[in-house]
Structure formats: structure tokens, C-alpha cells
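Pasted below: upload_21.cif, mmCIF, C-alpha atoms.
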data_coords
#
loop_
_atom_site.group_PDB
_atom_site.id
_atom_site.type_symbol
_atom_site.label_atom_id
_atom_site.label_comp_id
_atom_site.auth_asym_id
_atom_site.auth_seq_id
_atom_site.Cartn_x
_atom_site.Cartn_y
_atom_site.Cartn_z
ATOM 1 C CA MET A 36 -18.508 -25.332 6.180
ATOM 2 C CA THR A 37 -21.780 -24.339 7.804
ATOM 3 C CA LEU A 38 -22.589 -21.965 4.942
ATOM 4 C CA ALA A 39 -21.057 -23.688 1.886
ATOM 5 C CA TRP A 40 -24.002 -25.985 1.144
ATOM 6 C CA GLY A 41 -26.546 -23.167 1.497
ATOM 7 C CA GLY A 42 -24.448 -20.928 -0.742
ATOM 8 C CA HIS A 43 -24.154 -23.664 -3.364
ATOM 9 C CA ASN A 44 -27.914 -24.293 -3.332
ATOM 10 C CA PHE A 45 -28.763 -20.585 -3.388
ATOM 11 C CA ARG A 46 -26.550 -19.953 -6.418
ATOM 12 C CA ASN A 47 -27.965 -22.901 -8.371
ATOM 13 C CA LEU A 48 -31.555 -22.096 -7.405
ATOM 14 C CA THR A 49 -31.314 -18.430 -8.410
ATOM 15 C CA SER A 50 -29.476 -19.400 -11.589
ATOM 16 C CA VAL A 51 -32.380 -21.591 -12.690
ATOM 17 C CA LEU A 52 -35.255 -19.453 -11.395
ATOM 18 C CA PHE A 53 -34.027 -16.050 -12.561
ATOM 19 C CA PHE A 54 -31.791 -16.766 -15.549
ATOM 20 C CA ASN A 55 -32.199 -20.400 -16.677
ATOM 21 C CA ASN A 56 -29.259 -19.954 -19.010
ATOM 22 C CA LYS A 57 -26.164 -22.123 -19.499
ATOM 23 C CA SER A 58 -23.945 -19.028 -19.748
ATOM 24 C CA VAL A 59 -24.580 -17.751 -16.193
ATOM 25 C CA ASP A 60 -21.119 -17.212 -14.757
ATOM 26 C CA TYR A 61 -21.685 -17.303 -10.991
ATOM 27 C CA VAL A 62 -22.328 -21.040 -10.801
ATOM 28 C CA PRO A 63 -19.600 -23.595 -11.525
ATOM 29 C CA ALA A 64 -21.766 -25.645 -13.894
ATOM 30 C CA ALA A 65 -24.765 -23.681 -15.156
ATOM 31 C CA PHE A 66 -27.694 -25.659 -16.511
ATOM 32 C CA THR A 67 -31.223 -25.085 -17.764
ATOM 33 C CA VAL A 68 -34.550 -26.710 -16.959
ATOM 34 C CA SER A 69 -37.874 -26.827 -18.788
ATOM 35 C CA ALA A 70 -40.565 -24.239 -18.055
ATOM 36 C CA LYS A 71 -42.615 -26.966 -16.320
ATOM 37 C CA ASP A 72 -39.696 -27.934 -14.061
ATOM 38 C CA ARG A 73 -38.982 -24.271 -13.352
ATOM 39 C CA ARG A 74 -42.570 -23.776 -12.133
ATOM 40 C CA ALA A 75 -42.282 -26.935 -10.016
ATOM 41 C CA ILE A 76 -39.030 -25.683 -8.464
ATOM 42 C CA ALA A 77 -40.628 -22.303 -7.676
ATOM 43 C CA GLY A 78 -43.642 -24.077 -6.129
ATOM 44 C CA GLU A 79 -41.443 -26.322 -3.993
ATOM 45 C CA LEU A 80 -39.409 -23.307 -2.866
ATOM 46 C CA PHE A 81 -42.628 -21.540 -1.867
ATOM 47 C CA LEU A 82 -43.819 -24.570 0.145
ATOM 48 C CA MET A 83 -40.435 -24.966 1.864
ATOM 49 C CA SER A 84 -40.465 -21.256 2.731
ATOM 50 C CA ILE A 85 -43.908 -21.646 4.323
ATOM 51 C CA ILE A 86 -42.678 -24.644 6.351
ATOM 52 C CA HIS A 87 -39.627 -22.737 7.577
ATOM 53 C CA LEU A 88 -41.662 -19.630 8.424
ATOM 54 C CA THR A 89 -44.065 -21.863 10.367
ATOM 55 C CA ILE A 90 -41.137 -23.290 12.359
ATOM 56 C CA LEU A 91 -39.823 -19.782 13.050
ATOM 57 C CA ALA A 92 -43.288 -18.663 14.176
ATOM 58 C CA TYR A 93 -43.594 -21.735 16.423
ATOM 59 C CA LEU A 94 -40.284 -20.696 18.012
ATOM 60 C CA GLU A 95 -41.889 -17.265 18.536
ATOM 61 C CA PHE A 96 -38.967 -15.602 16.732
ATOM 62 C CA HIS A 97 -37.196 -15.709 20.102
ATOM 63 C CA PRO A 98 -33.425 -15.237 19.513
ATOM 64 C CA LEU A 99 -32.240 -18.007 21.851
ATOM 65 C CA LYS A 100 -34.835 -20.471 20.566
ATOM 66 C CA LEU A 101 -33.920 -19.597 16.985
ATOM 67 C CA ILE A 102 -30.203 -20.080 17.588
ATOM 68 C CA LEU A 103 -30.504 -23.370 19.491
ATOM 69 C CA SER A 104 -33.494 -24.942 17.719
ATOM 70 C CA TYR A 105 -33.193 -23.677 14.171
ATOM 71 C CA PHE A 106 -29.864 -22.170 13.101
ATOM 72 C CA LEU A 107 -27.538 -24.447 15.113
ATOM 73 C CA PRO A 108 -29.064 -27.739 13.827
ATOM 74 C CA ILE A 109 -29.010 -26.437 10.242
ATOM 75 C CA ALA A 110 -25.381 -25.328 10.628
ATOM 76 C CA MET A 111 -24.376 -28.680 12.142
ATOM 77 C CA GLY A 112 -26.129 -30.619 9.369
ATOM 78 C CA ASN A 113 -24.506 -28.474 6.683
ATOM 79 C CA ALA A 114 -21.073 -28.865 8.275
ATOM 80 C CA ALA A 115 -21.462 -32.664 8.406
ATOM 81 C CA LEU A 116 -22.578 -32.755 4.774
ATOM 82 C CA MET A 117 -19.651 -30.587 3.656
ATOM 83 C CA PHE A 118 -17.231 -32.716 5.700
ATOM 84 C CA TYR A 119 -18.284 -35.703 3.602
ATOM 85 C CA ILE A 120 -18.279 -33.832 0.286
ATOM 86 C CA TYR A 121 -14.848 -32.275 0.863
ATOM 87 C CA THR A 122 -13.179 -35.453 2.107
ATOM 88 C CA ASN A 123 -14.869 -37.594 -0.565
ATOM 89 C CA HIS A 124 -13.646 -35.489 -3.472
ATOM 90 C CA LEU A 125 -10.966 -32.899 -2.705
ATOM 91 C CA LEU A 126 -8.103 -35.283 -1.987
ATOM 92 C CA CYS A 127 -8.204 -37.114 -5.306
ATOM 93 C CA PRO A 128 -7.018 -36.284 -8.800
ATOM 94 C CA MET A 129 -9.560 -35.525 -11.484
ATOM 95 C CA THR A 130 -9.760 -37.942 -14.395
ATOM 96 C CA ASP A 131 -10.573 -37.442 -18.081
ATOM 97 C CA VAL A 132 -12.696 -40.578 -18.014
ATOM 98 C CA ASN A 133 -14.799 -40.890 -14.863
ATOM 99 C CA ASP A 134 -13.195 -43.497 -12.607
ATOM 100 C CA PRO A 135 -14.725 -43.379 -9.105
ATOM 101 C CA LEU A 136 -11.957 -45.631 -7.799
ATOM 102 C CA VAL A 137 -9.487 -42.844 -8.562
ATOM 103 C CA ASN A 138 -11.469 -39.594 -8.271
ATOM 104 C CA SER A 139 -13.455 -40.262 -5.093
ATOM 105 C CA THR A 140 -12.760 -41.478 -1.577
ATOM 106 C CA SER A 141 -14.744 -43.584 0.855
ATOM 107 C CA LEU A 142 -14.378 -43.118 4.589
ATOM 108 C CA ARG A 143 -14.291 -45.404 7.588
ATOM 109 C CA VAL A 144 -16.550 -43.910 10.259
ATOM 110 C CA TYR A 145 -18.186 -45.236 13.406
ATOM 111 C CA LYS A 146 -21.174 -47.463 12.591
ATOM 112 C CA ILE A 147 -23.551 -45.024 14.274
ATOM 113 C CA PHE A 148 -22.653 -42.401 11.642
ATOM 114 C CA ASP A 149 -23.250 -44.857 8.810
ATOM 115 C CA LEU A 150 -26.623 -45.656 10.348
ATOM 116 C CA LEU A 151 -27.585 -42.004 10.817
ATOM 117 C CA HIS A 152 -26.203 -40.872 7.445
ATOM 118 C CA PHE A 153 -27.412 -43.803 5.317
ATOM 119 C CA ASN A 154 -23.872 -45.000 4.545
ATOM 120 C CA PHE A 155 -22.856 -41.655 3.032
ATOM 121 C CA SER A 156 -19.259 -42.533 3.945
ATOM 122 C CA HIS A 157 -19.372 -45.206 1.214
ATOM 123 C CA HIS A 158 -18.898 -42.577 -1.451
ATOM 124 C CA THR A 159 -16.941 -44.491 -4.076
ATOM 125 C CA GLU A 160 -19.616 -47.170 -3.863
ATOM 126 C CA HIS A 161 -22.271 -44.502 -4.436
ATOM 127 C CA HIS A 162 -20.483 -43.226 -7.549
ATOM 128 C CA LEU A 163 -20.099 -46.740 -8.929
ATOM 129 C CA PHE A 164 -23.764 -47.617 -8.293
ATOM 130 C CA PRO A 165 -25.693 -44.336 -7.836
ATOM 131 C CA GLY A 166 -29.113 -45.981 -7.985
ATOM 132 C CA MET A 167 -28.325 -48.745 -5.520
ATOM 133 C CA ASN A 168 -29.954 -48.839 -2.085
ATOM 134 C CA SER A 169 -27.269 -47.637 0.343
ATOM 135 C CA ASP A 170 -27.861 -50.688 2.565
ATOM 136 C CA TYR A 171 -25.865 -52.712 0.013
ATOM 137 C CA TYR A 172 -22.817 -50.421 -0.044
ATOM 138 C CA LEU A 173 -21.185 -52.475 2.712
ATOM 139 C CA MET A 174 -21.134 -55.509 0.405
ATOM 140 C CA VAL A 175 -19.719 -53.427 -2.441
ATOM 141 C CA ARG A 176 -16.995 -52.108 -0.115
ATOM 142 C CA LYS A 177 -15.930 -55.654 0.771
ATOM 143 C CA LEU A 178 -15.668 -56.524 -2.925
ATOM 144 C CA LEU A 179 -13.678 -53.365 -3.675
ATOM 145 C CA GLU A 180 -11.282 -54.035 -0.792
ATOM 146 C CA THR A 181 -10.755 -57.577 -2.084
ATOM 147 C CA ASP A 182 -10.572 -56.980 -5.841
ATOM 148 C CA TYR A 183 -9.337 -53.361 -6.183
ATOM 149 C CA ALA A 184 -7.370 -52.708 -2.981
ATOM 150 C CA GLU A 185 -4.473 -51.043 -4.829
ATOM 151 C CA LYS A 186 -6.766 -48.514 -6.517
ATOM 152 C CA TYR A 187 -9.634 -48.069 -4.033
ATOM 153 C CA ASN A 188 -9.356 -44.924 -1.856
ATOM 154 C CA LEU A 189 -10.525 -45.818 1.655
ATOM 155 C CA LEU A 190 -9.429 -43.686 4.601
ATOM 156 C CA ASP A 191 -10.314 -43.306 8.258
ATOM 157 C CA ALA A 192 -12.328 -40.091 8.627
ATOM 158 C CA PRO A 193 -9.728 -38.374 10.884
ATOM 159 C CA GLU A 194 -6.949 -39.190 8.390
ATOM 160 C CA ALA A 195 -9.007 -37.784 5.499
ATOM 161 C CA TRP A 196 -9.631 -34.598 7.492
ATOM 162 C CA ARG A 197 -5.910 -34.304 8.363
ATOM 163 C CA LEU A 198 -4.970 -34.590 4.676
ATOM 164 C CA LEU A 199 -7.659 -32.095 3.728
ATOM 165 C CA MET A 200 -6.376 -29.544 6.249
ATOM 166 C CA LYS A 201 -2.832 -29.897 4.880
ATOM 167 C CA SER A 202 -3.803 -29.275 1.256
ATOM 168 C CA PRO A 203 -5.145 -26.275 -0.712
ATOM 169 C CA ARG A 204 -8.716 -26.341 -2.007
ATOM 170 C CA HIS A 205 -8.480 -25.521 -5.719
ATOM 171 C CA TYR A 206 -7.384 -27.641 -8.673
ATOM 172 C CA LYS A 207 -4.554 -26.183 -10.726
ATOM 173 C CA ASP A 208 -4.752 -29.153 -13.082
ATOM 174 C CA GLU A 209 -5.974 -32.743 -12.845
ATOM 175 C CA ASN A 210 -3.285 -33.828 -10.384
ATOM 176 C CA THR A 211 -2.305 -30.622 -8.582
ATOM 177 C CA LEU A 212 -4.035 -28.578 -5.900
ATOM 178 C CA THR A 213 -3.363 -24.871 -5.396
ATOM 179 C CA ASP A 214 -4.464 -22.075 -3.097
ATOM 180 C CA TRP A 215 -6.776 -19.219 -4.105
ATOM 181 C CA ALA A 216 -3.847 -17.040 -5.245
ATOM 182 C CA GLY A 217 -2.099 -19.882 -7.090
ATOM 183 C CA LYS A 218 1.066 -19.458 -5.001
ATOM 184 C CA VAL A 219 1.078 -22.793 -3.154
ATOM 185 C CA THR A 220 0.818 -26.018 -5.145
ATOM 186 C CA ILE A 221 0.957 -29.648 -4.041
ATOM 187 C CA PRO A 222 0.162 -32.951 -5.745
ATOM 188 C CA CYS A 223 -3.268 -34.342 -4.873
ATOM 189 C CA PRO A 224 -2.734 -36.271 -1.617
ATOM 190 C CA LEU A 225 -4.173 -39.488 -3.041
ATOM 191 C CA ASN A 226 -2.475 -39.089 -6.422
ATOM 192 C CA GLN A 227 0.321 -41.516 -5.539
ATOM 193 C CA LYS A 228 -2.177 -44.397 -5.573
ATOM 194 C CA VAL A 229 -3.081 -43.796 -9.238
ATOM 195 C CA LYS A 230 -1.757 -46.535 -11.471
ATOM 196 C CA VAL A 231 -2.407 -45.807 -15.138
#
Mind turning the file's structure into C-alpha cells?
Amino acid sequence: MTLAWGGHNFRNLTSVLFFNNKSVDYVPAAFTVSAKDRRAIAGELFLMSIIHLTILAYLEFHPLKLILSYFLPIAMGNAALMFYIYTNHLLCPMTDVNDPLVNSTSLRVYKIFDLLHFNFSHHTEHHLFPGMNSDYYLMVRKLLETDYAEKYNLLDAPEAWRLLMKSPRHYKDENTLTDWAGKVTIPCPLNQKVKV
């Protein structure tokens, strides 16, 4: 989990910067950008690289300082991000027509995590209203619990993690998860809540 987000970003970044072609096969959903956006992305990457090199130089490239002050915080942040992404999406069935009440999950976490993570646990709410200020997701959650309780996926974070650890990571079809080899299959853990 500490490397998944970096790997995802690296693949998408190199896809756009070096190929910029919708037929690139090493990214799940290849896309293209305009020449202007491509230059902007390259410029931002250059500036971020300078910032990171400056941090590394400030830490004097000392191994212990690098591990504790640079790599460990990045790994912890990536792991937290992937925890949310995995639990918010990989327990639910996919849908032909986007229905965030069915194909995403919100989590109950301690309030301190909602404060620190800008209500990232309110993921269904985010998919319903992606442009909304996350401060209002709490109100949306109350409405969803009242009006769509039978369809709304809301789990305690430990329960979501438990379900995630008991299920394979790949979709065989819209409602079935499978392992990498395709030998183990199970219904999506939150599939039973779907009422079509």
C-alpha cells in the first residue's frame, strides 16, 4: 500500500509525458492531453523535483534522516490514501450506469481523521457531489442515512478493512471478485445490498 499510489502516478505521468496516446497498454485507462497541458505537467514535475531535492539536501542525504523524515512520512501518507481508496471502492459491485450509492462506500472513522483528511471517509458523498466543499459532506451523509439507508454503503473502517482482507482484489465481472490467477472467486462483499 505504501507504493501503490506512487506506482499509479508514475505510470500515468510517463504515459502522458512520453507517449500521450490512448493505446498505451501499461495504464488501466490511458488518456491524452494537449501539448500546452503536457508542457505544464513537465514544468510542474520539474518544480516538484527541485522541491524534493531541496528537502533531501536539507536532510544532508543522511540515511537515518531520510528514512525517518522523508521516506517514512511519504509511505505512511500513501498507505492511508490507499486504505481509503481500496475500502471505498473494492468491496462494491461495478454498475453499468454510475450509481455511487451502489459502487462506492463511505466509512465511519474517528472525528480526528475526518478533520485531518478533509472528510475523505465520506466517499459516496464525494462521488454524488464532487465539486462540493467537503465540510458539507456530514449533512449529505445524514440525508443519505435517512432517505437511502437500504442502498447507502456505510461501514466502520475496521469492518471495511476486515471485508477487504477476506476478498480478492480483481473484478471477474461486475458482481464477482477474483484473485490474480482467477482461481478464487467470491461475490462482491457489499453486493447483497444491491436492490435493482
Query - Chain and number of each residue from the PyMOL selection byres ((chain A and resi 69-71) around 12), as an MDAnalysis selection string - result: chainID A and resid 51:56 66:68 72:78
Query raised in the report: By how many Å are atom CA of A:Asn210 and atom CA of A:Cys127 apart?
Result: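 Rounded to one decimal, the two atoms are 7.8 Å apart.
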Query raised in the report: Which residues match the PyMOL selection byres ((chain A and resi 129) around 7) in the file above, as a list in words?
Result: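 Given this file, the PyMOL selection byres ((chain A and resi 129) around 7) evaluates to Cys127, Pro128, Thr130, Asp131, Asn138, Glu209 and Asn210 of chain A.
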Requested in this report: Evaluate the PyMOL selection byres ((chain A and resi 40) around 12) on the structure here and hand back the selected residues as a ChimeraX atom specification.
Outcome: /A:36-39,41-47,109-121
Query raised in the report: What is the atom CA of A:Asn226 to atom CA of A:Lys186 distance in Å?
Result: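 According to the coordinates, atom CA of A:Asn226 and atom CA of A:Lys186 are separated by 10.4 Å.
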**Report entry** Neighbour list for A:Asn123 as a list in words, cut-off 10 Å, all atoms listed in the file, skip fewer than 3 positions in-chain
**Finding:** Met117, Phe118, Tyr119, Ile120, Leu126, Cys127, Asn138, Ser139, Thr140, Ser141, Leu142, Phe155, Ser156, His157, His158, Thr159, Asn188, Leu189, Leu190, Ala192 and Ala195 of chain A
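Between atom CA of A:Leu151 and atom CA of A:Tyr171 the interatomic distance comes to 15.3 Å.
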**Report entry** Of the listed residues A:Ser50, A:Asn168, A:Ser58, A:Thr122, that which approaches A:Arg197 most closely, counting all atoms listed in the file
**Finding:**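 Answer, going by the shortest atom-to-atom distance: A:Thr122.
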Each side padded by 6 Å, which centre and which edge lengths in Å (one decimal) define the axis-aligned box around the listed atoms of stretch 58-62 of chain A? Give them as lines of an AutoDock Vina configuration file.
center_x = -22.8
center_y = -19.1
center_z = -15.3
size_x = 15.5
size_y = 15.8
size_z = 20.9
Query - Which residue of A:Val132, A:Leu125, A:Leu107, A:Glu180 approaches A:Thr211 most closely, using all atoms listed in the file - result: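 Among the listed residues, A:Leu125 lies closest to A:Thr211.
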If I only want stretch 69-101 of chain A, can you write it with N, CA and C atoms, as a PDB file, in the first residue's frame?
ATOM      1  N   SER A  69      -3.432  17.962 -24.165  1.00  0.00           N
ATOM      2  CA  SER A  69      -2.963  18.892 -25.199  1.00  0.00           C
ATOM      3  C   SER A  69      -1.473  19.159 -25.009  1.00  0.00           C
ATOM      4  N   ALA A  70      -0.842  19.667 -26.052  1.00  0.00           N
ATOM      5  CA  ALA A  70       0.595  19.988 -25.983  1.00  0.00           C
ATOM      6  C   ALA A  70       0.856  21.016 -24.882  1.00  0.00           C
ATOM      7  N   LYS A  71      -0.052  21.978 -24.729  1.00  0.00           N
ATOM      8  CA  LYS A  71       0.097  23.005 -23.681  1.00  0.00           C
ATOM      9  C   LYS A  71       0.049  22.360 -22.288  1.00  0.00           C
ATOM     10  N   ASP A  72      -0.919  21.470 -22.081  1.00  0.00           N
ATOM     11  CA  ASP A  72      -1.029  20.796 -20.781  1.00  0.00           C
ATOM     12  C   ASP A  72       0.179  19.890 -20.537  1.00  0.00           C
ATOM     13  N   ARG A  73       0.656  19.273 -21.581  1.00  0.00           N
ATOM     14  CA  ARG A  73       1.835  18.393 -21.451  1.00  0.00           C
ATOM     15  C   ARG A  73       3.054  19.194 -20.996  1.00  0.00           C
ATOM     16  N   ARG A  74       3.245  20.381 -21.561  1.00  0.00           N
ATOM     17  CA  ARG A  74       4.351  21.251 -21.124  1.00  0.00           C
ATOM     18  C   ARG A  74       4.152  21.691 -19.677  1.00  0.00           C
ATOM     19  N   ALA A  75       2.912  21.993 -19.308  1.00  0.00           N
ATOM     20  CA  ALA A  75       2.621  22.402 -17.926  1.00  0.00           C
ATOM     21  C   ALA A  75       2.912  21.258 -16.949  1.00  0.00           C
ATOM     22  N   ILE A  76       2.535  20.044 -17.326  1.00  0.00           N
ATOM     23  CA  ILE A  76       2.797  18.877 -16.479  1.00  0.00           C
ATOM     24  C   ILE A  76       4.303  18.681 -16.319  1.00  0.00           C
ATOM     25  N   ALA A  77       5.051  18.792 -17.410  1.00  0.00           N
ATOM     26  CA  ALA A  77       6.511  18.635 -17.343  1.00  0.00           C
ATOM     27  C   ALA A  77       7.119  19.728 -16.460  1.00  0.00           C
ATOM     28  N   GLY A  78       6.623  20.954 -16.572  1.00  0.00           N
ATOM     29  CA  GLY A  78       7.119  22.054 -15.742  1.00  0.00           C
ATOM     30  C   GLY A  78       6.829  21.831 -14.263  1.00  0.00           C
ATOM     31  N   GLU A  79       5.610  21.368 -13.965  1.00  0.00           N
ATOM     32  CA  GLU A  79       5.258  21.091 -12.571  1.00  0.00           C
ATOM     33  C   GLU A  79       6.107  19.953 -12.013  1.00  0.00           C
ATOM     34  N   LEU A  80       6.350  18.926 -12.824  1.00  0.00           N
ATOM     35  CA  LEU A  80       7.193  17.816 -12.394  1.00  0.00           C
ATOM     36  C   LEU A  80       8.601  18.319 -12.088  1.00  0.00           C
ATOM     37  N   PHE A  81       9.121  19.193 -12.922  1.00  0.00           N
ATOM     38  CA  PHE A  81      10.453  19.755 -12.703  1.00  0.00           C
ATOM     39  C   PHE A  81      10.492  20.531 -11.382  1.00  0.00           C
ATOM     40  N   LEU A  82       9.482  21.374 -11.138  1.00  0.00           N
ATOM     41  CA  LEU A  82       9.446  22.149  -9.892  1.00  0.00           C
ATOM     42  C   LEU A  82       9.321  21.241  -8.664  1.00  0.00           C
ATOM     43  N   MET A  83       8.473  20.221  -8.750  1.00  0.00           N
ATOM     44  CA  MET A  83       8.335  19.285  -7.628  1.00  0.00           C
ATOM     45  C   MET A  83       9.650  18.547  -7.380  1.00  0.00           C
ATOM     46  N   SER A  84      10.347  18.191  -8.450  1.00  0.00           N
ATOM     47  CA  SER A  84      11.637  17.505  -8.295  1.00  0.00           C
ATOM     48  C   SER A  84      12.642  18.403  -7.582  1.00  0.00           C
ATOM     49  N   ILE A  85      12.654  19.679  -7.927  1.00  0.00           N
ATOM     50  CA  ILE A  85      13.547  20.639  -7.262  1.00  0.00           C
ATOM     51  C   ILE A  85      13.201  20.739  -5.772  1.00  0.00           C
ATOM     52  N   ILE A  86      11.911  20.807  -5.457  1.00  0.00           N
ATOM     53  CA  ILE A  86      11.483  20.890  -4.054  1.00  0.00           C
ATOM     54  C   ILE A  86      11.942  19.646  -3.291  1.00  0.00           C
ATOM     55  N   HIS A  87      11.738  18.480  -3.866  1.00  0.00           N
ATOM     56  CA  HIS A  87      12.130  17.246  -3.189  1.00  0.00           C
ATOM     57  C   HIS A  87      13.652  17.131  -3.053  1.00  0.00           C
ATOM     58  N   LEU A  88      14.383  17.530  -4.070  1.00  0.00           N
ATOM     59  CA  LEU A  88      15.849  17.515  -3.966  1.00  0.00           C
ATOM     60  C   LEU A  88      16.328  18.488  -2.898  1.00  0.00           C
ATOM     61  N   THR A  89      15.646  19.622  -2.766  1.00  0.00           N
ATOM     62  CA  THR A  89      15.987  20.596  -1.726  1.00  0.00           C
ATOM     63  C   THR A  89      15.762  19.988  -0.341  1.00  0.00           C
ATOM     64  N   ILE A  90      14.657  19.278  -0.163  1.00  0.00           N
ATOM     65  CA  ILE A  90      14.382  18.610   1.113  1.00  0.00           C
ATOM     66  C   ILE A  90      15.461  17.576   1.400  1.00  0.00           C
ATOM     67  N   LEU A  91      15.807  16.773   0.400  1.00  0.00           N
ATOM     68  CA  LEU A  91      16.847  15.754   0.585  1.00  0.00           C
ATOM     69  C   LEU A  91      18.187  16.391   0.937  1.00  0.00           C
ATOM     70  N   ALA A  92      18.514  17.504   0.289  1.00  0.00           N
ATOM     71  CA  ALA A  92      19.760  18.211   0.604  1.00  0.00           C
ATOM     72  C   ALA A  92      19.715  18.779   2.026  1.00  0.00           C
ATOM     73  N   TYR A  93      18.569  19.317   2.430  1.00  0.00           N
ATOM     74  CA  TYR A  93      18.421  19.837   3.789  1.00  0.00           C
ATOM     75  C   TYR A  93      18.639  18.726   4.815  1.00  0.00           C
ATOM     76  N   LEU A  94      18.224  17.519   4.480  1.00  0.00           N
ATOM     77  CA  LEU A  94      18.419  16.361   5.363  1.00  0.00           C
ATOM     78  C   LEU A  94      19.827  15.784   5.216  1.00  0.00           C
ATOM     79  N   GLU A  95      20.651  16.453   4.432  1.00  0.00           N
ATOM     80  CA  GLU A  95      22.065  16.113   4.237  1.00  0.00           C
ATOM     81  C   GLU A  95      22.265  14.713   3.660  1.00  0.00           C
ATOM     82  N   PHE A  96      21.253  14.179   3.015  1.00  0.00           N
ATOM     83  CA  PHE A  96      21.304  12.840   2.430  1.00  0.00           C
ATOM     84  C   PHE A  96      21.737  11.791   3.458  1.00  0.00           C
ATOM     85  N   HIS A  97      21.495  12.090   4.716  1.00  0.00           N
ATOM     86  CA  HIS A  97      21.839  11.177   5.814  1.00  0.00           C
ATOM     87  C   HIS A  97      20.799  10.057   5.852  1.00  0.00           C
ATOM     88  N   PRO A  98      21.222   8.779   5.813  1.00  0.00           N
ATOM     89  CA  PRO A  98      20.268   7.668   5.711  1.00  0.00           C
ATOM     90  C   PRO A  98      19.177   7.674   6.783  1.00  0.00           C
ATOM     91  N   LEU A  99      19.539   7.865   8.042  1.00  0.00           N
ATOM     92  CA  LEU A  99      18.535   7.836   9.103  1.00  0.00           C
ATOM     93  C   LEU A  99      17.562   9.009   8.978  1.00  0.00           C
ATOM     94  N   LYS A 100      18.090  10.177   8.677  1.00  0.00           N
ATOM     95  CA  LYS A 100      17.220  11.349   8.478  1.00  0.00           C
ATOM     96  C   LYS A 100      16.285  11.128   7.292  1.00  0.00           C
ATOM     97  N   LEU A 101      16.813  10.551   6.232  1.00  0.00           N
ATOM     98  CA  LEU A 101      15.992  10.297   5.041  1.00  0.00           C
ATOM     99  C   LEU A 101      14.874   9.309   5.351  1.00  0.00           C
TER     100      LEU A 101
END
